[in-house]
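Coordinates as given in coords-v2.cif (mmCIF, C-alpha atoms and all ligand atoms):
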```cif
data_start
#
loop_
_atom_site.label_atom_id
_atom_site.label_comp_id
_atom_site.auth_asym_id
_atom_site.auth_seq_id
_atom_site.Cartn_x
_atom_site.Cartn_y
_atom_site.Cartn_z
CA MET V 1 -43.94 -96.32 -87.27
CA ARG V 2 -40.97 -94.63 -88.94
CA PHE V 3 -38.36 -97.23 -89.95
CA PHE V 4 -35.60 -95.12 -91.41
CA LEU V 5 -34.60 -91.69 -90.18
CA SER V 6 -32.10 -89.73 -92.16
CA LEU V 7 -28.72 -89.84 -90.40
CA SER V 8 -28.81 -86.10 -89.76
CA ARG V 9 -31.79 -86.68 -87.43
CA ILE V 10 -29.84 -89.08 -85.23
CA ALA V 11 -29.08 -86.64 -82.43
CA ASN V 12 -27.41 -88.94 -79.97
CA LEU V 13 -26.34 -92.50 -79.29
CA ASP V 14 -29.73 -93.48 -77.85
CA ASP V 15 -31.28 -92.55 -81.21
CA MET V 16 -28.66 -94.72 -82.91
CA ARG V 17 -29.47 -97.63 -80.61
CA ASP V 18 -33.17 -97.27 -81.52
CA ALA V 19 -32.30 -97.21 -85.21
CA ALA V 20 -30.25 -100.41 -84.81
CA ARG V 21 -33.11 -102.04 -82.93
CA ARG V 22 -35.44 -101.25 -85.83
CA ARG V 23 -33.15 -102.79 -88.46
CA LEU V 24 -32.07 -105.92 -86.59
CA PRO V 25 -34.10 -108.97 -85.60
CA LYS V 26 -34.35 -109.46 -81.85
CA LEU V 27 -31.77 -112.22 -81.72
CA ALA V 28 -29.09 -110.03 -83.33
CA PHE V 29 -29.98 -106.83 -81.47
CA ASP V 30 -29.97 -108.66 -78.13
CA PHE V 31 -26.63 -110.29 -78.88
CA PHE V 32 -25.03 -106.86 -79.33
CA ASP V 33 -26.99 -104.97 -76.70
CA GLY V 34 -27.11 -107.52 -73.88
CA GLY V 35 -24.92 -108.19 -70.88
CA ALA V 36 -24.19 -111.10 -68.57
CA ASP V 37 -26.82 -112.62 -66.29
CA ARG V 38 -29.08 -109.92 -64.81
CA GLU V 39 -27.13 -107.19 -66.61
CA SER V 40 -26.15 -105.43 -63.37
CA ALA V 41 -22.61 -104.63 -64.51
CA LEU V 42 -23.96 -103.29 -67.79
CA ALA V 43 -26.31 -100.94 -65.91
CA ARG V 44 -23.61 -100.04 -63.37
CA ASN V 45 -21.22 -98.89 -66.12
CA ARG V 46 -23.78 -96.26 -67.18
CA ALA V 47 -24.95 -95.31 -63.71
CA ALA V 48 -21.39 -94.53 -62.63
CA PHE V 49 -20.99 -91.95 -65.39
CA ASP V 50 -24.41 -90.45 -64.74
CA ALA V 51 -23.73 -90.10 -61.01
CA LEU V 52 -20.81 -87.72 -61.53
CA THR V 53 -21.28 -84.04 -62.28
CA LEU V 54 -18.54 -81.70 -63.48
CA THR V 55 -18.69 -78.06 -62.54
CA PRO V 56 -18.21 -75.59 -65.41
CA ARG V 57 -15.48 -72.94 -65.31
CA VAL V 58 -16.11 -69.64 -67.05
CA LEU V 59 -14.31 -66.68 -68.69
CA ARG V 60 -11.19 -68.62 -69.60
CA ASN V 61 -10.94 -67.96 -73.38
CA VAL V 62 -11.64 -71.38 -74.83
CA SER V 63 -11.88 -70.17 -78.43
CA SER V 64 -9.06 -72.43 -79.56
CA ARG V 65 -9.51 -76.00 -78.31
CA SER V 66 -7.77 -79.21 -79.31
CA ILE V 67 -8.86 -82.70 -78.40
CA ALA V 68 -5.98 -84.39 -80.21
CA CYS V 69 -3.78 -86.58 -78.05
CA GLU V 70 -0.75 -88.87 -78.12
CA LEU V 71 -0.68 -92.55 -77.33
CA PHE V 72 2.06 -95.06 -77.99
CA GLY V 73 4.27 -92.69 -79.91
CA ARG V 74 1.75 -91.23 -82.32
CA SER V 75 -1.00 -88.67 -82.34
CA TRP V 76 -4.73 -89.42 -82.63
CA ALA V 77 -7.57 -87.04 -83.49
CA ALA V 78 -9.15 -87.65 -80.08
CA PRO V 79 -8.65 -89.94 -77.07
CA LEU V 80 -11.18 -92.35 -78.54
CA GLY V 81 -11.16 -95.67 -80.38
CA ILE V 82 -13.33 -98.65 -81.31
CA ALA V 83 -13.24 -101.61 -78.90
CA PRO V 84 -12.90 -105.17 -80.24
CA THR V 85 -16.22 -106.87 -80.92
CA GLY V 86 -16.65 -110.42 -82.17
CA LEU V 87 -19.34 -111.32 -84.70
CA ALA V 88 -19.76 -107.74 -85.93
CA ASN V 89 -20.82 -108.93 -89.40
CA LEU V 90 -24.02 -110.13 -87.76
CA ALA V 91 -24.96 -106.44 -87.73
CA ARG V 92 -24.41 -106.08 -91.47
CA GLY V 93 -22.29 -107.79 -94.13
CA GLY V 94 -18.85 -106.15 -94.18
CA ALA V 95 -19.31 -104.50 -90.76
CA ASP V 96 -15.75 -105.23 -89.53
CA VAL V 97 -14.24 -103.43 -92.51
CA MET V 98 -16.71 -100.53 -92.16
CA LEU V 99 -15.75 -100.12 -88.50
CA ALA V 100 -12.05 -100.05 -89.36
CA ARG V 101 -12.52 -97.65 -92.29
CA ALA V 102 -14.64 -95.29 -90.21
CA ALA V 103 -11.98 -95.20 -87.48
CA ALA V 104 -9.29 -94.50 -90.08
CA ALA V 105 -11.39 -91.73 -91.68
CA LEU V 106 -11.48 -89.95 -88.33
CA ASP V 107 -7.87 -90.83 -87.45
CA LEU V 108 -8.77 -93.08 -84.51
CA PRO V 109 -7.72 -96.67 -83.73
CA CYS V 110 -9.98 -99.69 -84.23
CA VAL V 111 -9.24 -102.93 -82.38
CA SER V 112 -9.90 -106.04 -84.45
CA SER V 113 -10.96 -109.08 -82.41
CA THR V 114 -9.66 -112.64 -82.48
CA ALA V 115 -13.40 -113.46 -82.79
CA SER V 116 -13.81 -111.08 -85.71
CA THR V 117 -15.93 -112.11 -88.67
CA THR V 118 -13.26 -110.73 -91.02
CA SER V 119 -9.65 -111.90 -90.98
CA ILE V 120 -7.01 -109.63 -89.46
CA GLU V 121 -5.35 -109.55 -92.89
CA ALA V 122 -8.48 -108.09 -94.54
CA VAL V 123 -9.10 -105.60 -91.73
CA GLY V 124 -5.44 -104.54 -91.79
CA ARG V 125 -5.66 -103.95 -95.55
CA ALA V 126 -8.76 -101.79 -95.05
CA ALA V 127 -7.17 -99.56 -92.38
CA PRO V 128 -3.43 -100.22 -92.31
CA ARG V 129 -2.42 -97.45 -89.89
CA HIS V 130 -5.40 -97.63 -87.57
CA THR V 131 -5.82 -101.33 -86.81
CA TRP V 132 -4.86 -102.84 -83.47
CA PHE V 133 -5.29 -106.55 -82.74
CA GLN V 134 -7.08 -108.12 -79.76
CA LEU V 135 -5.81 -111.54 -78.72
CA TYR V 136 -7.69 -114.26 -76.90
CA MET V 137 -4.75 -116.53 -76.10
CA PRO V 138 -5.96 -119.98 -77.22
CA LYS V 139 -5.21 -123.28 -75.42
CA ASP V 140 -2.97 -124.12 -78.33
CA ARG V 141 -0.25 -121.53 -77.78
CA ALA V 142 1.16 -122.16 -81.26
CA ILE V 143 -2.10 -120.74 -82.67
CA GLY V 144 -1.70 -117.74 -80.35
CA ASP V 145 1.83 -117.18 -81.62
CA ASP V 146 0.62 -117.47 -85.19
CA LEU V 147 -2.22 -114.99 -84.59
CA MET V 148 0.32 -112.50 -83.22
CA ALA V 149 2.59 -113.01 -86.23
CA ARG V 150 -0.36 -112.53 -88.58
CA ALA V 151 -1.43 -109.37 -86.75
CA ARG V 152 2.06 -107.95 -86.97
CA ALA V 153 2.30 -108.81 -90.68
CA ALA V 154 -1.12 -107.18 -91.22
CA GLY V 155 0.26 -103.93 -89.80
CA ALA V 156 -1.22 -103.97 -86.28
CA GLU V 157 1.06 -101.92 -84.08
CA VAL V 158 -0.67 -102.47 -80.74
CA LEU V 159 -1.64 -105.83 -79.21
CA VAL V 160 -4.57 -105.93 -76.79
CA MET V 161 -4.54 -109.18 -74.80
CA THR V 162 -7.97 -109.83 -73.28
CA VAL V 163 -7.65 -111.55 -69.91
CA ASP V 164 -11.20 -111.50 -68.50
CA LEU V 165 -12.51 -114.48 -70.43
CA ALA V 166 -10.90 -117.42 -68.63
CA VAL V 167 -14.48 -118.68 -68.41
CA PRO V 168 -17.14 -117.45 -70.84
CA GLY V 169 -19.94 -115.32 -69.36
CA ARG V 170 -23.57 -116.27 -69.83
CA ARG V 171 -26.03 -113.88 -71.39
CA ASP V 172 -29.63 -114.57 -70.47
CA ARG V 173 -31.02 -112.82 -73.55
CA ASP V 174 -28.99 -115.15 -75.80
CA VAL V 175 -30.27 -118.17 -73.87
CA ARG V 176 -33.88 -117.04 -74.26
CA ASN V 177 -33.38 -116.27 -77.97
CA ARG V 178 -31.60 -119.64 -78.55
CA PHE V 179 -28.74 -117.67 -80.06
CA SER V 180 -26.17 -119.84 -81.82
CA LEU V 181 -23.99 -119.81 -84.90
CA PRO V 182 -25.13 -120.93 -87.35
CA PHE V 183 -28.71 -120.00 -86.40
CA ARG V 184 -30.98 -122.84 -85.23
CA LEU V 185 -34.00 -121.60 -87.11
CA ASP V 186 -37.45 -122.03 -85.60
CA PRO V 187 -40.75 -120.55 -86.80
CA ALA V 188 -40.62 -117.56 -84.43
CA MET V 189 -37.08 -116.71 -85.51
CA LEU V 190 -37.99 -117.05 -89.19
CA ALA V 191 -40.94 -114.72 -88.70
CA ASP V 192 -38.71 -112.19 -86.97
CA PHE V 193 -36.18 -112.39 -89.83
CA MET V 194 -38.97 -111.77 -92.34
CA LEU V 195 -40.04 -108.68 -90.43
CA HIS V 196 -36.50 -107.34 -90.91
CA PRO V 197 -36.04 -107.88 -94.66
CA GLY V 198 -33.07 -105.51 -95.10
CA TRP V 199 -31.04 -107.44 -92.58
CA ALA V 200 -32.35 -110.86 -93.73
CA LEU V 201 -31.44 -110.27 -97.38
CA ASP V 202 -28.02 -109.00 -96.34
CA MET V 203 -27.39 -112.24 -94.39
CA LEU V 204 -28.85 -114.38 -97.18
CA PHE V 205 -26.56 -112.94 -99.86
CA GLY V 206 -23.55 -112.19 -97.64
CA GLY V 207 -23.70 -115.54 -95.85
CA SER V 208 -23.99 -116.10 -92.13
CA PRO V 209 -21.10 -114.53 -90.18
CA ARG V 210 -18.07 -116.75 -89.61
CA LEU V 211 -15.08 -116.51 -87.28
CA ALA V 212 -12.66 -115.76 -90.09
CA ASN V 213 -9.42 -115.71 -88.08
CA TRP V 214 -9.86 -119.39 -87.23
CA GLU V 215 -10.17 -120.62 -90.82
CA LYS V 216 -6.46 -121.32 -90.94
CA TYR V 217 -6.63 -123.74 -88.01
CA THR V 218 -9.63 -125.99 -88.76
CA ALA V 219 -7.89 -128.39 -91.15
CA GLY V 220 -10.25 -127.55 -94.00
CA ARG V 221 -13.50 -127.75 -91.97
CA LEU V 222 -14.66 -124.27 -92.88
CA SER V 223 -18.33 -124.27 -91.87
CA ALA V 224 -19.43 -121.51 -89.49
CA GLU V 225 -20.20 -124.31 -87.03
CA SER V 226 -16.66 -125.80 -87.11
CA LEU V 227 -15.09 -122.38 -86.68
CA ALA V 228 -17.30 -121.54 -83.70
CA ALA V 229 -16.64 -124.97 -82.15
CA LEU V 230 -12.88 -124.55 -82.50
CA GLN V 231 -12.93 -121.12 -80.89
CA ALA V 232 -15.08 -122.42 -78.01
CA GLN V 233 -12.69 -125.37 -77.46
CA GLN V 234 -9.73 -123.02 -77.38
CA ILE V 235 -10.93 -120.87 -74.46
CA ASP V 236 -8.35 -121.51 -71.78
CA ALA V 237 -9.26 -121.40 -68.09
CA SER V 238 -5.62 -122.09 -67.17
CA LEU V 239 -4.40 -118.73 -68.53
CA SER V 240 -1.95 -117.18 -66.05
CA TRP V 241 0.62 -114.43 -65.59
CA ALA V 242 3.19 -116.75 -67.16
CA ASP V 243 1.27 -116.33 -70.42
CA VAL V 244 1.42 -112.57 -70.13
CA GLU V 245 5.18 -112.87 -69.65
CA ARG V 246 5.39 -115.09 -72.71
CA VAL V 247 3.34 -112.70 -74.84
CA ARG V 248 5.49 -109.81 -73.60
CA GLY V 249 8.55 -111.72 -74.78
CA THR V 250 7.00 -112.35 -78.20
CA TRP V 251 5.27 -109.06 -79.04
CA SER V 252 7.78 -106.25 -79.46
CA GLY V 253 5.26 -103.40 -79.91
CA PRO V 254 2.97 -101.81 -77.33
CA LEU V 255 1.05 -104.41 -75.31
CA LEU V 256 -2.18 -103.71 -73.41
CA LEU V 257 -4.01 -106.04 -71.04
CA LYS V 258 -7.78 -105.75 -71.40
CA GLY V 259 -10.11 -106.61 -68.54
CA VAL V 260 -8.07 -105.56 -65.51
CA LEU V 261 -10.12 -104.12 -62.62
CA HIS V 262 -8.10 -104.91 -59.48
CA PRO V 263 -5.18 -102.66 -58.44
CA ASP V 264 -3.01 -105.67 -57.54
CA ASP V 265 -3.47 -107.10 -61.03
CA ALA V 266 -2.62 -103.68 -62.43
CA ARG V 267 0.63 -103.57 -60.42
CA GLN V 268 1.57 -107.06 -61.55
CA ALA V 269 0.93 -106.21 -65.20
CA ARG V 270 3.13 -103.18 -64.91
CA ALA V 271 5.89 -105.19 -63.25
CA LEU V 272 5.84 -107.66 -66.16
CA GLY V 273 6.53 -104.90 -68.67
CA VAL V 274 3.06 -104.47 -70.12
CA ASP V 275 2.71 -100.99 -71.68
CA GLY V 276 -0.77 -100.17 -70.50
CA LEU V 277 -4.14 -101.45 -69.34
CA LEU V 278 -7.61 -101.32 -70.73
CA VAL V 279 -9.80 -100.98 -67.65
CA SER V 280 -12.82 -102.98 -68.77
CA ASN V 281 -15.49 -105.38 -67.54
CA HIS V 282 -16.08 -106.57 -71.10
CA GLY V 283 -19.02 -104.18 -71.39
CA GLY V 284 -20.79 -106.01 -68.55
CA ARG V 285 -20.72 -109.30 -70.49
CA GLN V 286 -18.59 -111.36 -68.09
CA LEU V 287 -18.77 -111.05 -64.26
CA ASP V 288 -22.14 -109.50 -63.50
CA CYS V 289 -21.14 -108.30 -60.02
CA ALA V 290 -18.02 -106.55 -61.37
CA PRO V 291 -17.61 -102.86 -60.52
CA ALA V 292 -18.31 -100.15 -63.06
CA THR V 293 -15.08 -99.48 -64.92
CA PHE V 294 -15.38 -95.77 -64.14
CA ASP V 295 -15.51 -96.58 -60.41
CA ALA V 296 -12.54 -98.96 -60.65
CA LEU V 297 -10.35 -96.39 -62.42
CA PRO V 298 -9.02 -94.20 -59.55
CA ALA V 299 -7.57 -97.12 -57.54
CA ILE V 300 -5.91 -98.46 -60.67
CA ARG V 301 -4.41 -95.07 -61.51
CA ASP V 302 -3.08 -94.90 -57.93
CA ALA V 303 -1.59 -98.39 -58.29
CA VAL V 304 0.28 -97.76 -61.54
CA GLY V 305 1.26 -94.09 -61.19
CA ASP V 306 0.80 -91.18 -63.55
CA GLN V 307 3.07 -92.25 -66.40
CA PHE V 308 1.39 -95.55 -67.28
CA ALA V 309 -1.15 -95.73 -70.13
CA LEU V 310 -4.69 -96.37 -68.91
CA LEU V 311 -7.52 -96.87 -71.36
CA LEU V 312 -11.13 -97.34 -70.30
CA ASP V 313 -14.26 -98.79 -71.88
CA GLY V 314 -17.78 -99.60 -70.71
CA GLY V 315 -20.82 -97.35 -70.89
CA ILE V 316 -19.35 -94.39 -72.77
CA ARG V 317 -22.27 -92.80 -74.61
CA HIS V 318 -21.41 -89.09 -74.78
CA GLY V 319 -18.39 -86.84 -75.13
CA GLU V 320 -18.99 -85.82 -71.52
CA ASP V 321 -18.28 -89.39 -70.44
CA ILE V 322 -14.88 -89.20 -72.12
CA ALA V 323 -14.19 -85.94 -70.28
CA LYS V 324 -15.18 -87.58 -67.00
CA ALA V 325 -12.98 -90.62 -67.67
CA LEU V 326 -10.00 -88.38 -68.44
CA ARG V 327 -10.58 -86.34 -65.31
CA ARG V 328 -10.52 -89.55 -63.29
CA GLY V 329 -7.19 -90.58 -64.72
CA ALA V 330 -7.82 -92.35 -68.04
CA ASP V 331 -5.65 -91.46 -71.04
CA PHE V 332 -7.95 -92.81 -73.73
CA CYS V 333 -11.42 -94.36 -74.12
CA LEU V 334 -12.93 -97.05 -76.33
CA VAL V 335 -16.54 -97.72 -77.30
CA GLY V 336 -18.05 -101.08 -78.23
CA ARG V 337 -21.81 -101.12 -78.65
CA PRO V 338 -22.34 -97.57 -79.99
CA THR V 339 -20.31 -98.20 -83.14
CA LEU V 340 -22.08 -101.56 -83.59
CA TYR V 341 -25.43 -99.73 -83.46
CA GLY V 342 -24.07 -97.28 -86.02
CA VAL V 343 -22.90 -99.95 -88.44
CA ALA V 344 -26.10 -101.97 -88.02
CA ALA V 345 -28.32 -98.99 -88.79
CA TYR V 346 -26.36 -97.06 -91.43
CA GLY V 347 -23.13 -98.88 -92.33
CA GLN V 348 -19.83 -97.00 -92.32
CA ALA V 349 -21.62 -93.61 -92.35
CA GLY V 350 -23.37 -94.63 -89.14
CA VAL V 351 -20.10 -95.49 -87.43
CA GLU V 352 -18.59 -92.17 -88.49
CA HIS V 353 -21.67 -90.38 -87.19
CA VAL V 354 -21.32 -92.08 -83.79
CA LEU V 355 -17.63 -91.19 -83.57
CA ARG V 356 -18.35 -87.59 -84.60
CA LEU V 357 -21.10 -87.23 -82.00
CA LEU V 358 -18.66 -88.39 -79.34
CA ILE V 359 -15.83 -86.16 -80.56
CA ASP V 360 -18.03 -83.05 -80.95
CA GLY V 361 -19.53 -83.64 -77.53
CA ARG V 362 -16.05 -84.00 -76.16
CA SER V 363 -14.87 -80.69 -77.65
CA ARG V 364 -17.97 -78.85 -76.42
CA THR V 365 -17.54 -80.30 -72.94
CA LEU V 366 -13.91 -79.23 -72.89
CA GLY V 367 -14.92 -75.64 -73.65
CA LEU V 368 -17.70 -75.60 -71.06
CA LEU V 369 -15.27 -76.87 -68.45
CA GLY V 370 -12.97 -73.97 -69.27
CA GLU V 371 -10.18 -76.11 -70.72
CA THR V 372 -8.54 -76.03 -74.13
CA SER V 373 -6.67 -79.35 -74.27
CA VAL V 374 -6.78 -82.94 -73.12
CA ALA V 375 -3.66 -82.33 -71.02
CA GLY V 376 -5.38 -79.40 -69.28
CA LEU V 377 -8.33 -81.56 -68.43
CA ARG V 378 -6.08 -84.21 -66.92
CA ARG V 379 -4.16 -81.62 -64.90
CA ALA V 380 -7.35 -79.98 -63.64
CA ALA V 381 -8.26 -82.85 -61.36
CA PRO V 382 -5.75 -85.68 -61.22
CA ARG V 383 -6.42 -88.99 -59.54
CA GLY V 384 -10.19 -89.05 -59.56
CA LEU V 385 -10.79 -85.86 -57.63
CA VAL V 386 -14.46 -85.06 -58.17
CA VAL V 387 -15.25 -81.41 -58.75
C1 LIG V 401 -21.21 -107.73 -79.23
C2 LIG V 401 -19.94 -107.60 -78.45
C3 LIG V 401 -18.85 -108.42 -78.75
C4 LIG V 401 -17.66 -108.28 -78.05
N1 LIG V 401 -16.58 -109.05 -78.40
C5 LIG V 401 -15.41 -108.88 -77.78
C6 LIG V 401 -14.25 -109.58 -78.21
O1 LIG V 401 -14.29 -110.34 -79.17
N2 LIG V 401 -13.09 -109.37 -77.54
C7 LIG V 401 -13.01 -108.51 -76.47
O2 LIG V 401 -11.94 -108.36 -75.89
N3 LIG V 401 -14.08 -107.81 -76.05
C8 LIG V 401 -15.27 -107.97 -76.69
N4 LIG V 401 -16.35 -107.23 -76.30
C9 LIG V 401 -16.20 -106.20 -75.25
C10 LIG V 401 -15.80 -104.85 -75.88
O3 LIG V 401 -14.49 -104.90 -76.39
C11 LIG V 401 -15.85 -103.70 -74.86
O4 LIG V 401 -15.11 -104.08 -73.73
C12 LIG V 401 -17.25 -103.30 -74.45
O5 LIG V 401 -18.16 -103.41 -75.52
C13 LIG V 401 -17.24 -101.86 -73.94
O6 LIG V 401 -18.48 -101.48 -73.43
P1 LIG V 401 -19.56 -100.63 -74.29
O7 LIG V 401 -20.17 -101.60 -75.26
O8 LIG V 401 -20.51 -100.19 -73.23
O9 LIG V 401 -18.84 -99.50 -74.96
C14 LIG V 401 -17.56 -107.35 -76.98
C15 LIG V 401 -18.65 -106.53 -76.69
C16 LIG V 401 -19.82 -106.64 -77.41
C17 LIG V 401 -20.98 -105.72 -77.07
#
```
So, in terms of structure tokens, how does the structure I just supplied come out?
Amino acid sequence: MRFFLSLSRIANLDDMRDAARRRLPKLAFDFFDGGADRESALARNRAAFDALTLTPRVLRNVSSRSIACELFGRSWAAPLGIAPTGLANLARGGADVMLARAAAALDLPCVSSTASTTSIEAVGRAAPRHTWFQLYMPKDRAIGDDLMARARAAGAEVLVMTVDLAVPGRRDRDVRNRFSLPFRLDPAMLADFMLHPGWALDMLFGGSPRLANWEKYTAGRLSAESLAALQAQQIDASLSWADVERVRGTWSGPLLLKGVLHPDDARQARALGVDGLLVSNHGGRQLDCAPATFDALPAIRDAVGDQFALLLDGGIRHGEDIAKALRRGADFCLVGRPTLYGVAAYGQAGVEHVLRLLIDGRSRTLGLLGETSVAGLRRAAPRGLVV
């Protein structure tokens, strides 16, 4: 069996997933790769993209193509960014910073999670102009306010408030693997760790991943266990639109709601002055019967109109998927697992490789569709018209 392929032989994101699977023990790979319950939403996200074909247009001089775009008052190299993912340092010590640096190197945004294993201050220092912050509003609203203030001070310009975690989802793979932080080691787990020595040594010397943003609020109890317990206690099932209103009043920069799938919720968000939505089902990790995000997109675009920022994540694995999302009415896309696979397998170079594969695929797709710009692609088939 070949354990390490040179990065240049990683031809697509499936190869990168395989490479991550080889480097990580099962418990870590499954934590990143898995979805809620029977993983129907996870599968649906992919199937929705695969089900759509786009018809090429020919003889339209596509020699000069640009995939750059604008969002929230600044330009980005492509309509692509890195979605927030908690516990990323379980993939590799320093993963959060590598993700942020890779995004910055390609001039793309990276969303740092409340559940990040590196503090927002450290991530912001690593990629000052490319870091956005994702907020899980905690039960203790004073902590939420403080997290926002810290994010702002760390240079985050965009706040992404995740609203689809009123109740935590349940991932069967994690149950079977007895996944917990810190690890509850048993002989099978130890054996698996020993079969993945690169990862095991990394964790041994780098320390087990910890929810760094919470360190400030645990009154000196800094063990990984205390931090995880505090975050779990702070999940708030009573979160409501009043909280969105409050956050809107506090955060002066662009505010996105993440996890909106229903057109009525989209309308309400817009009415409350939110600047955009991230159409997401949490990568199929929350409600397992949720629709594919790609399928939910057209009704949401209809609900909010053409001038409202719509981002989409869930199942994007090729530049063609980004083209499809844009054709259906998205302005911008994020990826979660692919960049985690990249950082797990090859560190920052792996993340950059993943982003480049997506961007190159996106540019090639644009040319084959007979378009030269992102705006052209959007104009070609507004509002989800399938061609
Ligand atoms: C391991 C993992 C951890 C995640 N952690 C968070 C998180 O802390 N906050 C959040 O809003 N979404 C989180 N998500 C969801 C992602 O932001 C994103 O919605 C999803 O991964 C997109 O789907 P994709 O992985 O198919 O690209 C997580 C996803 C994964 C796979």
Please determine an axis-aligned box that encloses all atoms of ligand LIG 401 (chain V) listed in the file, with 8 Å added on each side, and express its centre and edge lengths in Å to one decimal as AutoDock Vina command-line options.
```
--center_x -16.6 --center_y -104.9 --center_z -76.2 --size_x 25.3 --size_y 26.8 --size_z 22.0
```
Contacts of chain V with ligand LIG 401 (chain V) up to 8 Å, shortest pair per row, all atoms listed in the file, as CSV:
```
residue,atom,partner,partner_atom,distance
V:Phe31,CA,V:LIG401,C1,6.0
V:Phe32,CA,V:LIG401,C1,3.9
V:Asp33,CA,V:LIG401,C17,6.1
V:Gly34,CA,V:LIG401,C17,7.1
V:Gly35,CA,V:LIG401,C17,7.7
V:Leu42,CA,V:LIG401,O8,7.1
V:Asn45,CA,V:LIG401,O8,7.3
V:Arg46,CA,V:LIG401,O8,7.9
V:Ala83,CA,V:LIG401,O3,4.3
V:Pro84,CA,V:LIG401,O3,4.2
V:Thr85,CA,V:LIG401,N1,3.4
V:Gly86,CA,V:LIG401,O1,3.8
V:Leu87,CA,V:LIG401,C3,6.6
V:Ala88,CA,V:LIG401,C1,6.9
V:Ser113,CA,V:LIG401,O1,4.8
V:Thr114,CA,V:LIG401,O1,6.1
V:Ala115,CA,V:LIG401,O1,4.9
V:Ser116,CA,V:LIG401,O1,6.6
V:Gln134,CA,V:LIG401,O2,6.2
V:Leu135,CA,V:LIG401,O2,7.5
V:Tyr136,CA,V:LIG401,N2,7.3
V:Val160,CA,V:LIG401,O2,7.8
V:Met161,CA,V:LIG401,O2,7.5
V:Thr162,CA,V:LIG401,O2,5.0
V:Lys258,CA,V:LIG401,O2,6.7
V:Gly259,CA,V:LIG401,O4,7.6
V:Ser280,CA,V:LIG401,O4,5.6
V:Asn281,CA,V:LIG401,O4,6.3
V:His282,CA,V:LIG401,O4,3.7
V:Gly283,CA,V:LIG401,O6,3.4
V:Gly284,CA,V:LIG401,O6,7.0
V:Arg285,CA,V:LIG401,C15,7.1
V:Asp313,CA,V:LIG401,C13,4.7
V:Gly314,CA,V:LIG401,O6,3.4
V:Gly315,CA,V:LIG401,O8,3.7
V:Ile316,CA,V:LIG401,O9,5.6
V:Arg317,CA,V:LIG401,O9,7.5
V:Leu334,CA,V:LIG401,O9,6.5
V:Val335,CA,V:LIG401,O9,3.7
V:Gly336,CA,V:LIG401,O5,3.6
V:Arg337,CA,V:LIG401,O7,3.8
V:Pro338,CA,V:LIG401,O9,6.4
V:Leu340,CA,V:LIG401,C1,7.6
```
For range 101-105 of chain V, work out the shell of residues within 7 Å, counting only C-alpha atoms and skipping chain neighbours fewer than 6 positions away, then give it as a PDB file with C-alpha atoms, in the frame of the given file.
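Listing of part.pdb after writing:
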```
ATOM      1  CA  ALA V 126      -8.760-101.790 -95.050  1.00  0.00           C
ATOM      2  CA  ALA V 127      -7.170 -99.560 -92.380  1.00  0.00           C
ATOM      3  CA  HIS V 130      -5.400 -97.630 -87.570  1.00  0.00           C
ATOM      4  CA  GLN V 348     -19.830 -97.000 -92.320  1.00  0.00           C
ATOM      5  CA  VAL V 351     -20.100 -95.490 -87.430  1.00  0.00           C
ATOM      6  CA  GLU V 352     -18.590 -92.170 -88.490  1.00  0.00           C
TER       7      GLU V 352
END
```
Nearest-residue call for Arg65 in chain V, choices V:Ala375, V:Leu366, V:Ala224, V:Leu80, using only C-alpha atoms: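 Closest residue, counting only C-alpha atoms: V:Leu366.
Residue nearest Ile82 in chain V within the list V:Cys69, V:Gly198, V:Asp14, V:Leu355: V:Leu355 [criterion: smallest interatomic distance, all atoms listed in the file].
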